[in-house]
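Asks: Once you've had a glance at the structure underneath, I'll fire off some questions.
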Amino acid sequence: MAVRTIRVYPDPILKQISEPVDEINESIVGVIQDLVDTMIDAGHSVGVAAPQIGVLKRVVVVDVSKSKLGRDNNHGLLEMVNPKIIEMSGSKMMREGCMSVPDYTGNVTRAEHIVVEFTNRIGQLRVIEASGFEAVAIQHELDHLDGLLFLDRVSSLKTDLYRRKSK
Amino acid sequence: MNHFALTIVGRDRPGIVSQVTEILFNQGCNLADSSCSILGGQFAMILILDHPEITDLEGFGDTFKPLEDADLTVALRVLKPGGEVRSHIEGDLCMISVYGSDKPGIVYRVANVLGEKKVNITDLNTKLVGTEDRPVYVMVIEAALPEGVEEEDVDGWLSPIRDELQVDISIRTIPTVEL
């Protein structure tokens with residue numbers, strides 16, 4: 001389908017709340033495919049949320065299986081429609097960067113284990129348990145659906161924000 | 001364009017940031033990076049700023065006199081060209097917590113080992129906590145590890161200090177992830 005341009009802050013769309021998806025139709029499947037294509041095109045990043053490509057719908061894709069940190073603990077490619085975290089526990093700090101906030105990273109503490117329910121591309125309700133990097137990635141992408149960036153989660157700019165190391 | 005480093009220290013009270021930034025704003029200064037915090041009973045501000053026309057200290061004249069009149073200590077210095085640019089910090093980051101009953105040399109001994117091993121300290125905070133008769137010293141360091149250095153290496157290097165100074169030291173890396 002298509003690789004889409006990643007929206008970059010201060011694009012106002014990144015601060016808006018996305019609408020739930022009523023029905024998985026052709027257009028939503030198109031959004032899912034564009035998210036996957038865009039994720040893979042971005043040097044196989046580990047996730048993209050619909051608002052990042054300018055679509056205010058509750059759809060994200062996550063795939064940490066190609067990354068060093070997620071290789072041994074993942075569910076492969078997750079295409080999530082109307083995702084919702086129903087349980088979380090533990091905490092884990094990572095220094096997060098985001099394609100929509102270039103050149104900066106910040107320390108963010110998130111739940112280490114989550115249970116998340118979502119509808120997949122073919123309309124089935126799924127519930128999975130994720131932990132570690134995959135759990136962090138899912139939480140990061142879900143935040144985009146509520147107009148939240150990792151900048152909303154860092155506790156202190158002084159210690160938490162550094163220019164990201166060059167790729 | 002020259003950049004300046006401005007430091008301001010004074011007894012903490014509400015209104016310091018307001019007074020300082022009002023002066024900077026009226027003067028036409030641009031505030032870039034800054035870090036301000038309470039240390040002891042003092043409020044300490046470190047600011048990197050520039051001004052479209054002012055290029056030297058004299059150019060500020062008595063701009064900051066109202067701050068001195070309000071019992072704040074003000075120091076201003078000109079940065080060498082490029083000194084305002086944040087350098088890229090390479091390598092994995094780790095947090096090092098060091099704490100124990102207060103005694104001389106905790107900061108120095110730890111920093112000395114890290115410096116010798118080319119570990120770049122990117123942030124360091126210390127606090128004296130506990131009670132008056134049992135003071136506890138706490139230090140939290142964030143540091144960038146050189147290529148090839150692992151958490152375990154740092155742990156090994158700092159280990160002798162644990163016994164010698166009777167302090168607890170823990171190290172954890174913070175993976176940097178692009179999401």
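Just remember, in the structure tokens the first chain shown is A, the second B, etc., residues are 1-based per chain, and ligands are 1-based in the order shown.
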Give as a PDB file with N, CA, C and O atoms, in the first residue's frame every residue of chain A that touches chain B within 6 Å, counting only C-alpha atoms.

Replies:
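Saved the output as result28.pdb:
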```pdb
ATOM      1  N   VAL A  46       9.948   0.004  15.813  1.00  0.00           N
ATOM      2  CA  VAL A  46       9.204  -1.050  16.507  1.00  0.00           C
ATOM      3  C   VAL A  46       7.716  -0.757  16.644  1.00  0.00           C
ATOM      4  O   VAL A  46       6.978  -1.561  17.201  1.00  0.00           O
ATOM      5  N   GLY A  47       7.268   0.380  16.128  1.00  0.00           N
ATOM      6  CA  GLY A  47       5.840   0.651  16.230  1.00  0.00           C
ATOM      7  C   GLY A  47       5.480   2.003  15.643  1.00  0.00           C
ATOM      8  O   GLY A  47       6.309   2.907  15.594  1.00  0.00           O
ATOM      9  N   MET A  94      13.014   3.044  30.623  1.00  0.00           N
ATOM     10  CA  MET A  94      13.808   3.034  29.395  1.00  0.00           C
ATOM     11  C   MET A  94      13.964   4.473  28.953  1.00  0.00           C
ATOM     12  O   MET A  94      13.169   5.336  29.318  1.00  0.00           O
ATOM     13  N   ARG A  95      14.989   4.710  28.172  1.00  0.00           N
ATOM     14  CA  ARG A  95      15.171   6.046  27.608  1.00  0.00           C
ATOM     15  C   ARG A  95      14.529   6.034  26.230  1.00  0.00           C
ATOM     16  O   ARG A  95      15.046   5.401  25.321  1.00  0.00           O
ATOM     17  N   GLU A  96      13.390   6.685  26.141  1.00  0.00           N
ATOM     18  CA  GLU A  96      12.591   6.579  24.922  1.00  0.00           C
ATOM     19  C   GLU A  96      12.890   7.705  23.938  1.00  0.00           C
ATOM     20  O   GLU A  96      13.120   8.844  24.319  1.00  0.00           O
ATOM     21  N   GLY A  97      12.866   7.320  22.695  1.00  0.00           N
ATOM     22  CA  GLY A  97      12.901   8.293  21.615  1.00  0.00           C
ATOM     23  C   GLY A  97      11.675   8.050  20.767  1.00  0.00           C
ATOM     24  O   GLY A  97      11.034   7.004  20.878  1.00  0.00           O
ATOM     25  N   CYS A  98      11.304   9.008  19.936  1.00  0.00           N
ATOM     26  CA  CYS A  98      10.081   8.882  19.154  1.00  0.00           C
ATOM     27  C   CYS A  98      10.316   9.530  17.806  1.00  0.00           C
ATOM     28  O   CYS A  98      10.892  10.612  17.730  1.00  0.00           O
ATOM     29  N   LYS A 165      21.427   9.850  20.519  1.00  0.00           N
ATOM     30  CA  LYS A 165      22.695   9.568  19.848  1.00  0.00           C
ATOM     31  C   LYS A 165      22.450   9.330  18.353  1.00  0.00           C
ATOM     32  O   LYS A 165      21.387   8.839  17.960  1.00  0.00           O
TER      33      LYS A 165
END
```

Asks: Using DSSP on the backbone, list every residue of segment 3-137 of chain B that comes out as strand (DSSP E), and give them as number ranges by chain.

Replies: B: 3-11, 30-39, 42-50, 73-78, 93-101, 120-130, 135-137

Asks: Residues within 10 Å of segment 1-4 of chain A, please, as a ChimeraX atom specification. Count only C-alpha atoms; anything in the same chain fewer than 5 positions from it doesn't count.

Replies: /A:30-42,52-54

Asks: May I have the selected residues written with C-alpha atoms, as an mmCIF file, in the first residue's frame?

Replies:
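Full text of out.cif as output:
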```cif
data_model
loop_
_atom_site.group_PDB
_atom_site.id
_atom_site.type_symbol
_atom_site.label_atom_id
_atom_site.label_comp_id
_atom_site.auth_asym_id
_atom_site.auth_seq_id
_atom_site.Cartn_x
_atom_site.Cartn_y
_atom_site.Cartn_z
ATOM 1 C CA GLY A 30 -5.649 0.356 4.495
ATOM 2 C CA VAL A 31 -4.559 2.330 7.575
ATOM 3 C CA ILE A 32 -3.180 -0.860 9.175
ATOM 4 C CA GLN A 33 -1.194 -1.678 6.046
ATOM 5 C CA ASP A 34 0.133 1.879 5.762
ATOM 6 C CA LEU A 35 1.252 1.725 9.399
ATOM 7 C CA VAL A 36 3.085 -1.545 8.770
ATOM 8 C CA ASP A 37 4.685 -0.215 5.575
ATOM 9 C CA THR A 38 5.702 3.003 7.313
ATOM 10 C CA MET A 39 7.136 1.104 10.295
ATOM 11 C CA ILE A 40 9.217 -1.148 8.056
ATOM 12 C CA ASP A 41 10.357 1.753 5.899
ATOM 13 C CA ALA A 42 11.622 3.605 8.981
ATOM 14 C CA GLN A 52 1.688 9.671 13.524
ATOM 15 C CA ILE A 53 0.609 9.263 9.905
ATOM 16 C CA GLY A 54 -2.175 11.812 10.293
#
```

Asks: Extract, using only C-alpha atoms, all DNA, RNA and protein residues at most 8 Å from segment 114-120 of chain A, discarding same-chain residues fewer than 3 positions from it, and format them as a ChimeraX atom specification.

Replies: /A:78-89,111,123-131,135

Asks: Could you pull out all residues of segment 11-138 of chain B with a DSSP call of alpha helix (DSSP H) and give them as a list in words?

Replies: Ile16, Val17, Ser18, Gln19, Val20, Thr21, Glu22, Ile23, Leu24, Phe25, Asn26, Gln27, Lys65, Pro66, Leu67, Glu68, Asp69, Ile106, Val107, Tyr108, Arg109, Val110, Ala111, Asn112, Val113, Leu114, Gly115 and Glu116 of chain B

Asks: Hey, can you spit out that residue selection with C-alpha atoms as a tab-separated table (two decimals), in the first residue's frame?

Replies:
```
chain	number	residue	atom	x	y	z
B	16	ILE	CA	13.09	34.31	42.12
B	17	VAL	CA	12.48	32.71	38.72
B	18	SER	CA	9.87	35.34	37.96
B	19	GLN	CA	12.19	38.24	38.80
B	20	VAL	CA	15.13	36.77	36.86
B	21	THR	CA	13.18	35.88	33.74
B	22	GLU	CA	11.32	39.20	33.72
B	23	ILE	CA	14.67	40.99	33.52
B	24	LEU	CA	15.93	38.63	30.79
B	25	PHE	CA	12.72	39.00	28.81
B	26	ASN	CA	12.70	42.80	29.02
B	27	GLN	CA	16.35	42.85	28.01
B	65	LYS	CA	21.72	44.94	39.67
B	66	PRO	CA	18.11	44.52	40.85
B	67	LEU	CA	18.91	40.85	41.48
B	68	GLU	CA	21.94	41.69	43.59
B	69	ASP	CA	19.80	44.21	45.45
B	106	ILE	CA	32.14	9.45	48.77
B	107	VAL	CA	31.70	11.69	45.73
B	108	TYR	CA	35.40	11.98	45.04
B	109	ARG	CA	36.18	8.27	45.23
B	110	VAL	CA	33.35	7.27	42.92
B	111	ALA	CA	33.95	10.12	40.47
B	112	ASN	CA	37.66	9.35	40.45
B	113	VAL	CA	37.10	5.75	39.36
B	114	LEU	CA	34.59	6.79	36.70
B	115	GLY	CA	36.89	9.53	35.37
B	116	GLU	CA	39.85	7.19	35.11
```

Asks: Check the smallest atom-to-atom distance from each of B:Val85, B:Asp102, B:Arg11, B:Lys117 to Asp133 of chain B using only C-alpha atoms, then report the winner.

Replies: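 With only C-alpha atoms as the atom set, the closest residue is B:Asp102.
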
Asks: If I take atom CA of Gly15 of chain B and atom CA of Gly61 of chain B, how far is one from the other in Å, to one decimal?

Replies: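 Atom CA of Gly61 of chain B lies 23.1 Å from atom CA of Gly15 of chain B.
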
Asks: What's around Leu79 of chain B at 6 Å? Count only C-alpha atoms, leave out sequence neighbours fewer than 3 positions away in its own chain, and write the answer as number ranges by chain.

Replies: B: 3-4, 83

Asks: Got a sec: who's within 12 Å of Gly100 of chain B, counting only C-alpha atoms, leaving out chain neighbours fewer than 3 positions off, as an MDAnalysis selection string?

Replies: chainID B and resid 97 103:107 126:130 134:139 161:170

Asks: What gap, in Å, lies between atom CA of Ile96 of chain B and atom CA of Arg153 of chain A?

Replies: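 Interatomic distance, atom CA of Ile96 of chain B to atom CA of Arg153 of chain A: 21.7 Å.
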
Asks: Which distance in Å separates atom CA of Asp146 of chain A and atom CA of Ala49 of chain A, to one decimal?

Replies: 10.5 Å

Asks: Find the residues around Asp152 of chain A up to 10 Å (only C-alpha atoms counted), leave out those fewer than 3 positions away in its own chain, and share them as a PyMOL selection string.

Replies: chain A and resi 108+143+147-149+155

Asks: Create the file for the chosen residues now, containing all heavy atoms and written as a PDB file, in the first residue's frame.

Replies:
```pdb
ATOM      1  N   VAL A 108      11.673   7.322  30.716  1.00  0.00           N
ATOM      2  CA  VAL A 108      10.258   7.154  31.033  1.00  0.00           C
ATOM      3  C   VAL A 108      10.080   5.832  31.780  1.00  0.00           C
ATOM      4  O   VAL A 108      10.627   4.808  31.379  1.00  0.00           O
ATOM      5  CB  VAL A 108       9.390   7.127  29.749  1.00  0.00           C
ATOM      6  CG1 VAL A 108       7.916   6.976  30.087  1.00  0.00           C
ATOM      7  CG2 VAL A 108       9.610   8.402  28.939  1.00  0.00           C
ATOM      8  N   ASP A 143      -0.208   5.597  23.926  1.00  0.00           N
ATOM      9  CA  ASP A 143      -0.231   7.000  24.363  1.00  0.00           C
ATOM     10  C   ASP A 143      -0.544   7.938  23.198  1.00  0.00           C
ATOM     11  O   ASP A 143      -1.237   8.941  23.376  1.00  0.00           O
ATOM     12  CB  ASP A 143       1.124   7.388  24.976  1.00  0.00           C
ATOM     13  CG  ASP A 143       1.150   7.185  26.496  1.00  0.00           C
ATOM     14  OD1 ASP A 143       0.098   6.845  27.070  1.00  0.00           O
ATOM     15  OD2 ASP A 143       2.224   7.386  27.094  1.00  0.00           O
ATOM     16  N   GLY A 147      -3.147  11.408  22.476  1.00  0.00           N
ATOM     17  CA  GLY A 147      -2.478  12.703  22.321  1.00  0.00           C
ATOM     18  C   GLY A 147      -1.320  12.918  23.274  1.00  0.00           C
ATOM     19  O   GLY A 147      -0.944  14.049  23.563  1.00  0.00           O
ATOM     20  N   LEU A 148      -0.769  11.814  23.782  1.00  0.00           N
ATOM     21  CA  LEU A 148       0.353  11.935  24.718  1.00  0.00           C
ATOM     22  C   LEU A 148       1.666  11.568  24.037  1.00  0.00           C
ATOM     23  O   LEU A 148       1.747  10.589  23.302  1.00  0.00           O
ATOM     24  CB  LEU A 148       0.145  11.009  25.927  1.00  0.00           C
ATOM     25  CG  LEU A 148      -1.050  11.331  26.824  1.00  0.00           C
ATOM     26  CD1 LEU A 148      -1.249  10.221  27.847  1.00  0.00           C
ATOM     27  CD2 LEU A 148      -0.836  12.667  27.527  1.00  0.00           C
ATOM     28  N   LEU A 149       2.689  12.353  24.284  1.00  0.00           N
ATOM     29  CA  LEU A 149       4.036  12.050  23.805  1.00  0.00           C
ATOM     30  C   LEU A 149       4.876  11.660  25.006  1.00  0.00           C
ATOM     31  O   LEU A 149       4.487  11.918  26.149  1.00  0.00           O
ATOM     32  CB  LEU A 149       4.634  13.285  23.125  1.00  0.00           C
ATOM     33  CG  LEU A 149       3.844  13.784  21.903  1.00  0.00           C
ATOM     34  CD1 LEU A 149       4.383  15.115  21.425  1.00  0.00           C
ATOM     35  CD2 LEU A 149       3.893  12.749  20.785  1.00  0.00           C
ATOM     36  N   SER A 155       9.972  12.858  33.958  1.00  0.00           N
ATOM     37  CA  SER A 155       9.770  13.520  35.241  1.00  0.00           C
ATOM     38  C   SER A 155      10.559  14.808  35.340  1.00  0.00           C
ATOM     39  O   SER A 155      10.165  15.740  36.015  1.00  0.00           O
ATOM     40  CB  SER A 155      10.175  12.586  36.374  1.00  0.00           C
ATOM     41  OG  SER A 155      11.503  12.159  36.175  1.00  0.00           O
TER      42      SER A 155
END
```

Asks: Determine the nearest neighbour of Val48 of chain A from the options A:Thr5, A:Asn107, A:Pro10, A:Glu26, counting only C-alpha atoms.

Replies: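 Between A:Thr5, A:Asn107, A:Pro10, A:Glu26, the residue approaching Val48 of chain A most closely is A:Thr5.
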